[in-house]
>>> print(open('data.cif').read())   # mmCIF, C-alpha atoms and all ligand atoms
data_run
#
loop_
_atom_site.group_PDB
_atom_site.id
_atom_site.type_symbol
_atom_site.label_atom_id
_atom_site.label_comp_id
_atom_site.auth_asym_id
_atom_site.auth_seq_id
_atom_site.Cartn_x
_atom_site.Cartn_y
_atom_site.Cartn_z
ATOM 1 C CA MET A 1 19.674 2.652 -11.283
ATOM 2 C CA SER A 2 19.563 -0.576 -13.293
ATOM 3 C CA ARG A 3 17.911 -3.623 -11.777
ATOM 4 C CA VAL A 4 19.883 -6.622 -10.562
ATOM 5 C CA ALA A 5 18.660 -10.220 -10.542
ATOM 6 C CA TYR A 6 20.013 -13.252 -8.731
ATOM 7 C CA VAL A 7 20.371 -16.309 -10.990
ATOM 8 C CA ASN A 8 21.973 -19.537 -9.823
ATOM 9 C CA GLY A 9 24.701 -18.082 -7.638
ATOM 10 C CA ARG A 10 25.289 -14.763 -9.415
ATOM 11 C CA TYR A 11 23.873 -11.262 -9.258
ATOM 12 C CA VAL A 12 23.575 -9.996 -12.825
ATOM 13 C CA PRO A 13 21.918 -7.053 -14.610
ATOM 14 C CA HIS A 14 18.196 -7.861 -14.913
ATOM 15 C CA ASN A 15 18.242 -7.747 -18.721
ATOM 16 C CA LYS A 16 21.190 -10.181 -18.834
ATOM 17 C CA ALA A 17 19.622 -12.698 -16.445
ATOM 18 C CA GLN A 18 19.003 -16.041 -18.160
ATOM 19 C CA VAL A 19 18.045 -19.646 -17.575
ATOM 20 C CA SER A 20 18.423 -22.460 -20.103
ATOM 21 C CA ILE A 21 15.707 -23.246 -22.669
ATOM 22 C CA ASP A 22 15.933 -26.801 -21.240
ATOM 23 C CA ASP A 23 15.068 -25.539 -17.770
ATOM 24 C CA ARG A 24 12.031 -27.568 -16.675
ATOM 25 C CA GLY A 25 10.444 -24.356 -15.399
ATOM 26 C CA HIS A 26 10.400 -23.163 -19.015
ATOM 27 C CA VAL A 27 9.380 -26.481 -20.595
ATOM 28 C CA PHE A 28 6.931 -27.948 -18.047
ATOM 29 C CA ALA A 29 6.163 -25.040 -15.669
ATOM 30 C CA ASP A 30 8.015 -27.311 -13.217
ATOM 31 C CA GLY A 31 8.731 -24.616 -10.655
ATOM 32 C CA VAL A 32 7.417 -22.884 -7.571
ATOM 33 C CA TYR A 33 7.598 -19.295 -6.416
ATOM 34 C CA GLU A 34 6.852 -16.758 -3.714
ATOM 35 C CA VAL A 35 6.085 -13.041 -3.870
ATOM 36 C CA THR A 36 6.827 -11.275 -0.603
ATOM 37 C CA LEU A 37 5.907 -7.718 0.294
ATOM 38 C CA VAL A 38 8.787 -5.422 1.251
ATOM 39 C CA VAL A 39 8.080 -2.459 3.510
ATOM 40 C CA GLY A 40 10.853 -0.188 4.724
ATOM 41 C CA GLY A 41 13.364 -2.689 3.302
ATOM 42 C CA ARG A 42 11.960 -5.542 5.419
ATOM 43 C CA MET A 43 10.010 -8.557 4.268
ATOM 44 C CA ILE A 44 6.473 -8.886 5.633
ATOM 45 C CA ASP A 45 5.222 -12.244 6.935
ATOM 46 C CA LEU A 46 8.469 -13.849 5.822
ATOM 47 C CA GLU A 47 7.991 -16.945 7.993
ATOM 48 C CA GLY A 48 4.704 -17.740 6.259
ATOM 49 C CA HIS A 49 6.208 -17.302 2.802
ATOM 50 C CA VAL A 50 9.194 -19.494 3.606
ATOM 51 C CA ALA A 51 6.999 -22.197 5.145
ATOM 52 C CA ARG A 52 4.733 -22.150 2.068
ATOM 53 C CA LEU A 53 7.728 -22.408 -0.276
ATOM 54 C CA GLU A 54 9.098 -25.375 1.679
ATOM 55 C CA ARG A 55 5.670 -27.024 1.472
ATOM 56 C CA SER A 56 5.334 -26.341 -2.282
ATOM 57 C CA LEU A 57 8.725 -27.976 -2.868
ATOM 58 C CA ARG A 58 7.814 -30.982 -0.714
ATOM 59 C CA GLU A 59 4.442 -31.496 -2.362
ATOM 60 C CA LEU A 60 6.065 -31.532 -5.816
ATOM 61 C CA ASP A 61 8.895 -33.860 -4.796
ATOM 62 C CA MET A 62 11.413 -31.098 -5.468
ATOM 63 C CA PRO A 63 14.521 -30.965 -3.312
ATOM 64 C CA GLN A 64 15.151 -27.811 -1.314
ATOM 65 C CA PRO A 65 17.845 -26.079 -3.453
ATOM 66 C CA MET A 66 19.624 -24.763 -0.347
ATOM 67 C CA SER A 67 18.663 -24.043 3.244
ATOM 68 C CA SER A 68 15.779 -21.619 3.774
ATOM 69 C CA ARG A 69 18.256 -19.405 5.624
ATOM 70 C CA ALA A 70 20.377 -19.181 2.481
ATOM 71 C CA LEU A 71 17.283 -18.395 0.396
ATOM 72 C CA ILE A 72 16.343 -15.604 2.814
ATOM 73 C CA HIS A 73 19.882 -14.231 2.500
ATOM 74 C CA ILE A 74 19.486 -14.127 -1.299
ATOM 75 C CA MET A 75 16.131 -12.364 -0.982
ATOM 76 C CA ASN A 76 17.611 -9.769 1.379
ATOM 77 C CA GLN A 77 20.619 -9.237 -0.875
ATOM 78 C CA THR A 78 18.372 -8.796 -3.923
ATOM 79 C CA ILE A 79 16.275 -6.247 -2.025
ATOM 80 C CA LYS A 80 19.405 -4.323 -0.983
ATOM 81 C CA ARG A 81 21.118 -4.447 -4.365
ATOM 82 C CA ASN A 82 17.969 -3.051 -5.987
ATOM 83 C CA ARG A 83 17.620 -0.457 -3.215
ATOM 84 C CA VAL A 84 14.022 -1.474 -2.610
ATOM 85 C CA LYS A 85 12.424 0.210 0.377
ATOM 86 C CA ASP A 86 8.777 -0.477 -0.427
ATOM 87 C CA GLY A 87 7.993 -3.069 -3.066
ATOM 88 C CA MET A 88 8.204 -6.780 -3.583
ATOM 89 C CA VAL A 89 10.705 -9.586 -3.883
ATOM 90 C CA TYR A 90 10.095 -12.538 -6.204
ATOM 91 C CA LEU A 91 11.767 -15.909 -5.656
ATOM 92 C CA GLN A 92 11.417 -18.823 -8.067
ATOM 93 C CA VAL A 93 12.813 -22.334 -7.771
ATOM 94 C CA ASN A 94 12.662 -24.662 -10.787
ATOM 95 C CA ARG A 95 13.436 -28.354 -10.683
ATOM 96 C CA GLY A 96 16.459 -27.872 -12.946
ATOM 97 C CA THR A 97 17.739 -28.269 -16.477
ATOM 98 C CA ALA A 98 17.777 -31.488 -18.510
ATOM 99 C CA PRO A 99 16.948 -32.563 -22.085
ATOM 100 C CA ARG A 100 13.168 -32.447 -22.490
ATOM 101 C CA ASN A 101 11.590 -35.541 -20.961
ATOM 102 C CA HIS A 102 8.457 -35.718 -18.827
ATOM 103 C CA VAL A 103 10.233 -38.127 -16.477
ATOM 104 C CA TYR A 104 12.585 -36.391 -14.069
ATOM 105 C CA ASP A 105 15.329 -37.733 -11.877
ATOM 106 C CA ASN A 106 16.095 -35.333 -9.062
ATOM 107 C CA ASP A 107 19.524 -36.949 -8.655
ATOM 108 C CA ASP A 108 20.520 -35.650 -12.097
ATOM 109 C CA LEU A 109 19.084 -32.175 -11.648
ATOM 110 C CA GLN A 110 20.409 -29.028 -10.035
ATOM 111 C CA PRO A 111 17.442 -26.781 -9.080
ATOM 112 C CA SER A 112 17.581 -23.289 -10.553
ATOM 113 C CA VAL A 113 17.004 -20.356 -8.251
ATOM 114 C CA VAL A 114 16.037 -16.903 -9.500
ATOM 115 C CA CYS A 115 15.306 -13.845 -7.393
ATOM 116 C CA THR A 116 14.236 -10.341 -8.421
ATOM 117 C CA ALA A 117 13.015 -7.326 -6.495
ATOM 118 C CA LYS A 118 11.298 -4.126 -7.512
ATOM 119 C CA SER A 119 10.040 -0.957 -5.883
ATOM 120 C CA VAL A 120 6.295 -0.392 -5.770
ATOM 121 C CA PRO A 121 4.973 2.626 -3.857
ATOM 122 C CA LEU A 122 2.632 1.765 -1.006
ATOM 123 C CA PRO A 123 -0.858 3.075 -1.765
ATOM 124 C CA SER A 124 -2.069 6.162 0.055
ATOM 125 C CA ASP A 125 -5.077 5.636 2.343
ATOM 126 C CA ALA A 126 -7.318 7.205 -0.288
ATOM 127 C CA ASP A 127 -6.052 4.927 -3.093
ATOM 128 C CA ALA A 128 -6.110 1.858 -0.897
ATOM 129 C CA VAL A 129 -9.781 2.231 -0.139
ATOM 130 C CA ASP A 130 -10.915 2.505 -3.773
ATOM 131 C CA GLY A 131 -13.408 -0.242 -4.582
ATOM 132 C CA VAL A 132 -12.858 -2.421 -7.651
ATOM 133 C CA LYS A 133 -14.956 -4.418 -10.090
ATOM 134 C CA VAL A 134 -14.444 -8.165 -10.519
ATOM 135 C CA ILE A 135 -15.920 -10.508 -13.095
ATOM 136 C CA SER A 136 -16.757 -14.183 -12.657
ATOM 137 C CA GLN A 137 -14.864 -16.808 -14.613
ATOM 138 C CA PRO A 138 -14.995 -20.611 -14.547
ATOM 139 C CA ASP A 139 -12.234 -22.149 -12.430
ATOM 140 C CA ILE A 140 -10.478 -24.342 -15.008
ATOM 141 C CA ARG A 141 -7.295 -24.948 -13.001
ATOM 142 C CA TRP A 142 -5.752 -28.284 -11.968
ATOM 143 C CA GLY A 143 -6.460 -30.168 -8.744
ATOM 144 C CA ARG A 144 -3.551 -28.900 -6.642
ATOM 145 C CA VAL A 145 -3.804 -25.121 -6.692
ATOM 146 C CA ASP A 146 -2.784 -25.131 -3.022
ATOM 147 C CA ILE A 147 0.773 -25.488 -4.347
ATOM 148 C CA LYS A 148 2.235 -22.173 -5.492
ATOM 149 C CA THR A 149 3.524 -23.296 -8.892
ATOM 150 C CA VAL A 150 4.436 -21.107 -11.848
ATOM 151 C CA SER A 151 1.823 -23.028 -13.861
ATOM 152 C CA LEU A 152 -0.448 -19.982 -14.008
ATOM 153 C CA LEU A 153 -1.936 -20.030 -17.500
ATOM 154 C CA PRO A 154 -5.603 -20.371 -16.391
ATOM 155 C CA ASN A 155 -4.977 -17.573 -13.880
ATOM 156 C CA ALA A 156 -3.424 -15.383 -16.575
ATOM 157 C CA LEU A 157 -6.367 -16.054 -18.932
ATOM 158 C CA ALA A 158 -8.899 -15.200 -16.215
ATOM 159 C CA LYS A 159 -7.120 -12.021 -15.144
ATOM 160 C CA THR A 160 -6.741 -10.910 -18.749
ATOM 161 C CA ALA A 161 -10.467 -11.514 -19.346
ATOM 162 C CA ALA A 162 -11.087 -9.316 -16.305
ATOM 163 C CA ALA A 163 -8.747 -6.584 -17.554
ATOM 164 C CA LYS A 164 -10.476 -6.598 -20.950
ATOM 165 C CA GLU A 165 -13.757 -5.835 -19.179
ATOM 166 C CA GLY A 166 -12.192 -3.057 -17.150
ATOM 167 C CA ALA A 167 -12.189 -5.239 -14.019
ATOM 168 C CA TYR A 168 -9.420 -5.657 -11.477
ATOM 169 C CA GLU A 169 -9.769 -9.379 -10.830
ATOM 170 C CA ALA A 170 -11.786 -12.486 -11.587
ATOM 171 C CA PHE A 171 -13.776 -14.494 -9.020
ATOM 172 C CA LEU A 172 -13.174 -18.106 -10.077
ATOM 173 C CA VAL A 173 -16.264 -20.290 -9.831
ATOM 174 C CA ASP A 174 -16.268 -24.093 -9.513
ATOM 175 C CA ASP A 175 -18.678 -26.509 -11.244
ATOM 176 C CA ASP A 176 -21.177 -26.237 -8.363
ATOM 177 C CA GLY A 177 -21.391 -22.447 -8.517
ATOM 178 C CA TYR A 178 -19.089 -21.808 -5.543
ATOM 179 C CA VAL A 179 -16.366 -19.170 -5.631
ATOM 180 C CA THR A 180 -12.972 -20.785 -5.016
ATOM 181 C CA GLU A 181 -10.716 -17.702 -4.997
ATOM 182 C CA CYS A 182 -9.511 -15.113 -7.516
ATOM 183 C CA SER A 183 -6.886 -15.454 -10.246
ATOM 184 C CA ALA A 184 -4.177 -13.953 -7.997
ATOM 185 C CA SER A 185 -5.874 -13.363 -4.646
ATOM 186 C CA ASN A 186 -8.262 -14.893 -2.110
ATOM 187 C CA ALA A 187 -11.984 -14.029 -2.189
ATOM 188 C CA TRP A 188 -14.123 -12.914 0.751
ATOM 189 C CA ILE A 189 -17.630 -11.693 1.475
ATOM 190 C CA VAL A 190 -19.310 -10.135 4.509
ATOM 191 C CA ASP A 191 -22.654 -11.706 5.440
ATOM 192 C CA LYS A 192 -25.754 -9.901 6.742
ATOM 193 C CA ASP A 193 -24.563 -10.380 10.346
ATOM 194 C CA GLY A 194 -21.214 -8.704 9.654
ATOM 195 C CA ARG A 195 -19.217 -11.955 9.658
ATOM 196 C CA VAL A 196 -16.458 -12.337 7.109
ATOM 197 C CA VAL A 197 -16.690 -15.490 5.048
ATOM 198 C CA THR A 198 -13.907 -17.121 3.048
ATOM 199 C CA ARG A 199 -13.444 -20.589 1.608
ATOM 200 C CA PRO A 200 -11.647 -23.026 3.919
ATOM 201 C CA LEU A 201 -8.157 -24.221 3.038
ATOM 202 C CA SER A 202 -8.075 -27.269 0.764
ATOM 203 C CA ASN A 203 -6.456 -28.291 -2.503
ATOM 204 C CA GLU A 204 -8.895 -25.888 -4.230
ATOM 205 C CA ILE A 205 -7.358 -22.608 -3.092
ATOM 206 C CA LEU A 206 -3.922 -21.180 -2.441
ATOM 207 C CA PRO A 207 -3.291 -20.759 1.282
ATOM 208 C CA GLY A 208 -2.757 -16.996 1.032
ATOM 209 C CA ILE A 209 -0.330 -15.447 3.472
ATOM 210 C CA THR A 210 -2.462 -12.288 3.491
ATOM 211 C CA ARG A 211 -5.580 -14.443 4.063
ATOM 212 C CA ASP A 212 -3.926 -15.853 7.144
ATOM 213 C CA ARG A 213 -2.858 -12.408 8.365
ATOM 214 C CA VAL A 214 -6.346 -10.965 7.777
ATOM 215 C CA ILE A 215 -7.963 -13.805 9.761
ATOM 216 C CA LYS A 216 -5.694 -12.888 12.692
ATOM 217 C CA LEU A 217 -6.422 -9.164 12.316
ATOM 218 C CA ALA A 218 -10.170 -9.831 12.130
ATOM 219 C CA GLU A 219 -10.035 -11.777 15.364
ATOM 220 C CA GLU A 220 -8.016 -8.992 17.027
ATOM 221 C CA ASN A 221 -10.677 -6.507 15.893
ATOM 222 C CA GLY A 222 -13.611 -8.557 17.163
ATOM 223 C CA ILE A 223 -14.788 -9.524 13.672
ATOM 224 C CA GLU A 224 -16.011 -13.098 13.378
ATOM 225 C CA VAL A 225 -14.471 -15.193 10.583
ATOM 226 C CA VAL A 226 -16.376 -18.114 9.080
ATOM 227 C CA GLU A 227 -14.418 -20.441 6.816
ATOM 228 C CA ARG A 228 -17.019 -21.965 4.484
ATOM 229 C CA PRO A 229 -17.636 -22.007 0.742
ATOM 230 C CA PHE A 230 -19.988 -19.367 -0.695
ATOM 231 C CA THR A 231 -21.683 -19.243 -4.093
ATOM 232 C CA LEU A 232 -21.339 -16.552 -6.715
ATOM 233 C CA ALA A 233 -25.037 -15.730 -6.153
ATOM 234 C CA GLU A 234 -24.384 -15.246 -2.424
ATOM 235 C CA ALA A 235 -21.395 -13.013 -3.210
ATOM 236 C CA LYS A 236 -23.549 -10.858 -5.469
ATOM 237 C CA SER A 237 -26.082 -10.300 -2.719
ATOM 238 C CA ALA A 238 -23.495 -9.973 0.077
ATOM 239 C CA ARG A 239 -23.302 -6.875 2.203
ATOM 240 C CA GLU A 240 -19.627 -6.424 1.278
ATOM 241 C CA ALA A 241 -16.970 -8.264 -0.689
ATOM 242 C CA PHE A 242 -13.207 -7.974 -0.850
ATOM 243 C CA LEU A 243 -10.088 -9.809 -1.919
ATOM 244 C CA THR A 244 -6.662 -10.228 -0.346
ATOM 245 C CA SER A 245 -3.126 -10.773 -1.600
ATOM 246 C CA THR A 246 0.450 -9.725 -0.939
ATOM 247 C CA THR A 247 0.276 -7.027 -3.591
ATOM 248 C CA SER A 248 -3.417 -6.059 -3.312
ATOM 249 C CA PHE A 249 -3.561 -6.014 0.524
ATOM 250 C CA VAL A 250 -7.267 -5.901 1.417
ATOM 251 C CA LYS A 251 -9.057 -4.686 -1.704
ATOM 252 C CA PRO A 252 -12.741 -3.718 -1.489
ATOM 253 C CA VAL A 253 -14.894 -5.221 -4.245
ATOM 254 C CA THR A 254 -17.843 -2.995 -5.116
ATOM 255 C CA GLN A 255 -19.062 -4.707 -8.289
ATOM 256 C CA ILE A 256 -19.266 -8.357 -9.369
ATOM 257 C CA ASP A 257 -20.175 -8.761 -13.060
ATOM 258 C CA ASP A 258 -23.046 -6.285 -13.493
ATOM 259 C CA VAL A 259 -24.124 -6.314 -9.872
ATOM 260 C CA THR A 260 -23.286 -3.538 -7.420
ATOM 261 C CA ILE A 261 -22.247 -4.827 -3.997
ATOM 262 C CA GLY A 262 -23.887 -3.142 -1.006
ATOM 263 C CA ASN A 263 -24.274 0.564 -1.700
ATOM 264 C CA GLY A 264 -21.424 0.531 -4.225
ATOM 265 C CA HIS A 265 -18.859 1.833 -1.734
ATOM 266 C CA PRO A 266 -16.357 -0.080 0.389
ATOM 267 C CA GLY A 267 -18.191 -1.268 3.500
ATOM 268 C CA THR A 268 -17.370 -0.830 7.188
ATOM 269 C CA VAL A 269 -15.999 -4.311 7.816
ATOM 270 C CA THR A 270 -13.746 -4.198 4.758
ATOM 271 C CA ARG A 271 -12.490 -0.751 5.729
ATOM 272 C CA THR A 272 -11.760 -1.905 9.260
ATOM 273 C CA LEU A 273 -9.730 -4.851 7.962
ATOM 274 C CA LEU A 274 -7.921 -2.709 5.400
ATOM 275 C CA GLY A 275 -7.067 -0.164 8.109
ATOM 276 C CA ALA A 276 -5.819 -2.926 10.398
ATOM 277 C CA TYR A 277 -3.674 -4.369 7.614
ATOM 278 C CA LEU A 278 -2.183 -0.974 6.710
ATOM 279 C CA ASN A 279 -1.427 -0.335 10.398
ATOM 280 C CA PHE A 280 0.203 -3.741 10.637
ATOM 281 C CA ILE A 281 2.611 -3.028 7.785
ATOM 282 C CA ARG A 282 3.234 0.568 8.861
ATOM 283 C CA GLU A 283 4.253 -0.578 12.326
ATOM 284 C CA ILE A 284 6.857 -2.780 10.691
ATOM 285 C CA ARG A 285 8.091 0.147 8.634
ATOM 286 C CA GLN A 286 8.382 2.447 11.636
ATOM 287 C CA PRO A 287 8.958 0.188 14.637
ATOM 288 C CA ALA A 288 7.960 1.759 17.966
ATOM 289 C CA THR A 289 11.048 3.317 19.547
HETATM 290 C C1 LIG B 301 -4.283 -17.910 -6.942
HETATM 291 C C2 LIG B 301 -3.875 -17.064 -5.791
HETATM 292 N N1 LIG B 301 -4.645 -17.049 -4.687
HETATM 293 C C3 LIG B 301 -4.339 -16.288 -3.612
HETATM 294 C C4 LIG B 301 -3.212 -15.470 -3.620
HETATM 295 C C5 LIG B 301 -2.893 -14.633 -2.417
HETATM 296 O O1 LIG B 301 -1.789 -15.150 -1.739
HETATM 297 P P1 LIG B 301 -0.855 -14.199 -0.860
HETATM 298 O O2 LIG B 301 -1.744 -13.523 0.126
HETATM 299 O O3 LIG B 301 0.083 -15.154 -0.218
HETATM 300 O O4 LIG B 301 -0.211 -13.242 -1.792
HETATM 301 C C6 LIG B 301 -2.366 -15.466 -4.734
HETATM 302 C C7 LIG B 301 -1.167 -14.626 -4.753
HETATM 303 O O5 LIG B 301 -0.432 -14.588 -5.692
HETATM 304 C C8 LIG B 301 -2.708 -16.278 -5.845
HETATM 305 O O6 LIG B 301 -1.934 -16.294 -6.944
#
>>> encode(input="data.cif", output="structure tokens", more="lines below")
Ligand SMILES: Cc1ncc(COP(=O)(O)O)c(C=O)c1O
Amino acid sequence: MSRVAYVNGRYVPHNKAQVSIDDRGHVFADGVYEVTLVVGGRMIDLEGHVARLERSLRELDMPQPMSSRALIHIMNQTIKRNRVKDGMVYLQVNRGTAPRNHVYDNDDLQPSVVCTAKSVPLPSDADAVDGVKVISQPDIRWGRVDIKTVSLLPNALAKTAAAKEGAYEAFLVDDDGYVTECSASNAWIVDKDGRVVTRPLSNEILPGITRDRVIKLAEENGIEVVERPFTLAEAKSAREAFLTSTTSFVKPVTQIDDVTIGNGHPGTVTRTLLGAYLNFIREIRQPAT
């Protein structure tokens, strides 16, 4: 079955979907986006994604292209038309199309809206629990990474550097030696007392929807969460480390640069949180009857 994309009011074959070369998303990375997990045809943590999109638009002085209800309708339609049961839906809103000029005037611009969806099999329990290697990279991003913009070049460079070293992700490190987050996920460690530690929300990290969900699941499972910055050195000597994102779930980290974390296998706290997260999404897939 060929893929279908939504572009500015029309559902078109994916390979025919187009926006203008004068679209400010193309010229200035002047756009925001959301990636939402789909399980059993339903979007997971949709409220959080929609609230974050609304915030991203507000923070960048971009008008809401249509009501959030209408955007959700488009996302659902794109999921259905691509027959996605398990996978992800991608929504991008750009400020609009105008002759290239740094200065924008929202009154003269019609935001462009693009939505795609694709199937991605959910990992089996065995796959999900595989530990991964990460490398450290300097965090060279701008000062508002709390906004989910498509301006992802530093993230792409860091993740590619990781891939070239056979690593899954990059821990981004600020000028003071503290880990901010990863190139496409939030970073966590487990301290010697079994508490999970992650950097507090600020303009230096993306407020991950999975981060938020995992904090709730930790609390439900009696695991203490401490929101404070941690250094790369502390991460390397942590009992456990993991990362979270919509597409990575809770991913155990068993190596940072050349250092093995813990005993080199996913630790108990990480496994508990991963199990809780998988249960959470499975319950949505097969609601109790
Ligand atoms: C830089 C960055 N941090 C964190 C995340 C995790 O966010 P979420 O859990 O909402 O997917 C992402 C996801 O794309 C990201 O790009």
>>> residues_near_ligand(input="data.cif", ligand="ligand LIG 301 (chain B)", cutoff="10 Å", atoms="all atoms listed in the file", output="ChimeraX atom specification")
/A:33-37,45,48-49,52,141,145-150,152,154-156,172,180-187,204-214,243-250
>>> resolve_selection(input="data.cif", expression="the PyMOL selection byres (((chain A and resi 20) around 12) and not hetatm)", output="PyMOL selection string")
chain A and resi 7-8+17-19+21-27+94+96-100+111-112
>>> closest_residue(input="data.cif", among="A:Arg10, A:Arg83, A:Lys236, A:Arg144", to="A:Cys115", atoms="only C-alpha atoms")
A:Arg10
>>> resolve_selection(input="data.cif", expression="the PyMOL selection byres (((chain A and resi 218-234) around 9) and not hetatm)", output="compact mmCIF listing (two decimals) with C-alpha atoms, in the coordinates of the input")
# COMPACT_ATOMS: atom_id res chain seq x y z
CA SER A 136 -16.76 -14.18 -12.66
CA PHE A 171 -13.78 -14.49 -9.02
CA LEU A 172 -13.17 -18.11 -10.08
CA VAL A 173 -16.26 -20.29 -9.83
CA ASP A 176 -21.18 -26.24 -8.36
CA GLY A 177 -21.39 -22.45 -8.52
CA TYR A 178 -19.09 -21.81 -5.54
CA VAL A 179 -16.37 -19.17 -5.63
CA THR A 180 -12.97 -20.78 -5.02
CA TRP A 188 -14.12 -12.91 0.75
CA ILE A 189 -17.63 -11.69 1.48
CA ASP A 191 -22.65 -11.71 5.44
CA GLY A 194 -21.21 -8.70 9.65
CA ARG A 195 -19.22 -11.96 9.66
CA VAL A 196 -16.46 -12.34 7.11
CA VAL A 197 -16.69 -15.49 5.05
CA THR A 198 -13.91 -17.12 3.05
CA ARG A 199 -13.44 -20.59 1.61
CA PRO A 200 -11.65 -23.03 3.92
CA LEU A 201 -8.16 -24.22 3.04
CA ARG A 213 -2.86 -12.41 8.36
CA VAL A 214 -6.35 -10.96 7.78
CA ILE A 215 -7.96 -13.80 9.76
CA LYS A 216 -5.69 -12.89 12.69
CA LEU A 217 -6.42 -9.16 12.32
CA ALA A 235 -21.40 -13.01 -3.21
CA LYS A 236 -23.55 -10.86 -5.47
CA SER A 237 -26.08 -10.30 -2.72
CA ALA A 238 -23.50 -9.97 0.08
CA ILE A 256 -19.27 -8.36 -9.37
CA VAL A 269 -16.00 -4.31 7.82
CA THR A 272 -11.76 -1.90 9.26
CA LEU A 273 -9.73 -4.85 7.96
CA ALA A 276 -5.82 -2.93 10.40
>>> residues_around(input="data.cif", residues="A:Gly41", least_positions_apart="6", cutoff="7 Å", atoms="only C-alpha atoms", output="CSV table (one decimal) with C-alpha atoms, in the coordinates of the input")
chain,number,residue,atom,x,y,z
A,84,VAL,CA,14.0,-1.5,-2.6
A,85,LYS,CA,12.4,0.2,0.4
A,86,ASP,CA,8.8,-0.5,-0.4
>>> residues_around(input="data.cif", residues="A:His265", least_positions_apart="3", cutoff="12 Å", atoms="only C-alpha atoms", output="list in words")
Val129, Asp130, Gly131, Val132, Lys133, Arg239, Glu240, Ala241, Phe242, Lys251, Pro252, Val253, Thr254, Gln255, Thr260, Ile261, Gly262, Thr268, Val269, Thr270 and Arg271 of chain A
>>> atom_distance(input="data.cif", atom1="atom CA of A:Gln92", atom2="atom CA of A:Ile135")
29.0 Å
>>> closest_residue(input="data.cif", among="A:Asp258, A:Asp139, A:Asp193, A:Asp107", to="A:Gly166", atoms="only C-alpha atoms")
A:Asp258
>>> residues_around(input="data.cif", residues="A:Met66", least_positions_apart="2", cutoff="12 Å", atoms="all atoms listed in the file", output="list in words")
Asn8, Gly9, Glu54, Leu57, Met62, Pro63, Gln64, Ser68, Arg69, Ala70, Leu71, Ile72, His73, Ile74, Val93, Gln110, Pro111, Ser112 and Val113 of chain A
>>> write_last_selection(input="data.cif", atoms="C-alpha atoms", output="CSV table (one decimal), in the frame of the given file")
chain,number,residue,atom,x,y,z
A,8,ASN,CA,22.0,-19.5,-9.8
A,9,GLY,CA,24.7,-18.1,-7.6
A,54,GLU,CA,9.1,-25.4,1.7
A,57,LEU,CA,8.7,-28.0,-2.9
A,62,MET,CA,11.4,-31.1,-5.5
A,63,PRO,CA,14.5,-31.0,-3.3
A,64,GLN,CA,15.2,-27.8,-1.3
A,68,SER,CA,15.8,-21.6,3.8
A,69,ARG,CA,18.3,-19.4,5.6
A,70,ALA,CA,20.4,-19.2,2.5
A,71,LEU,CA,17.3,-18.4,0.4
A,72,ILE,CA,16.3,-15.6,2.8
A,73,HIS,CA,19.9,-14.2,2.5
A,74,ILE,CA,19.5,-14.1,-1.3
A,93,VAL,CA,12.8,-22.3,-7.8
A,110,GLN,CA,20.4,-29.0,-10.0
A,111,PRO,CA,17.4,-26.8,-9.1
A,112,SER,CA,17.6,-23.3,-10.6
A,113,VAL,CA,17.0,-20.4,-8.3
>>> atom_distance(input="data.cif", atom1="atom CA of A:His14", atom2="atom CA of A:Val114")
10.8 Å
>>> residues_near_point(input="data.cif", point="(1.1, 2.3, -2.5)", cutoff="12 Å", atoms="only C-alpha atoms", output="PyMOL selection string")
chain A and resi 37-39+85-88+119-129+247-249+278+281-282
>>> atom_distance(input="data.cif", atom1="atom CA of A:Leu91", atom2="atom CA of A:Ile79")
11.3 Å
>>> closest_residue(input="data.cif", among="A:Val190, A:Trp142, A:Asp61, A:Ser67", to="A:Asp105", atoms="only C-alpha atoms")
A:Asp61
>>> closest_residue(input="data.cif", among="A:Ala158, A:Leu274, A:Ala170, A:Val89", to="A:Ile44", atoms="all atoms listed in the file")
A:Val89
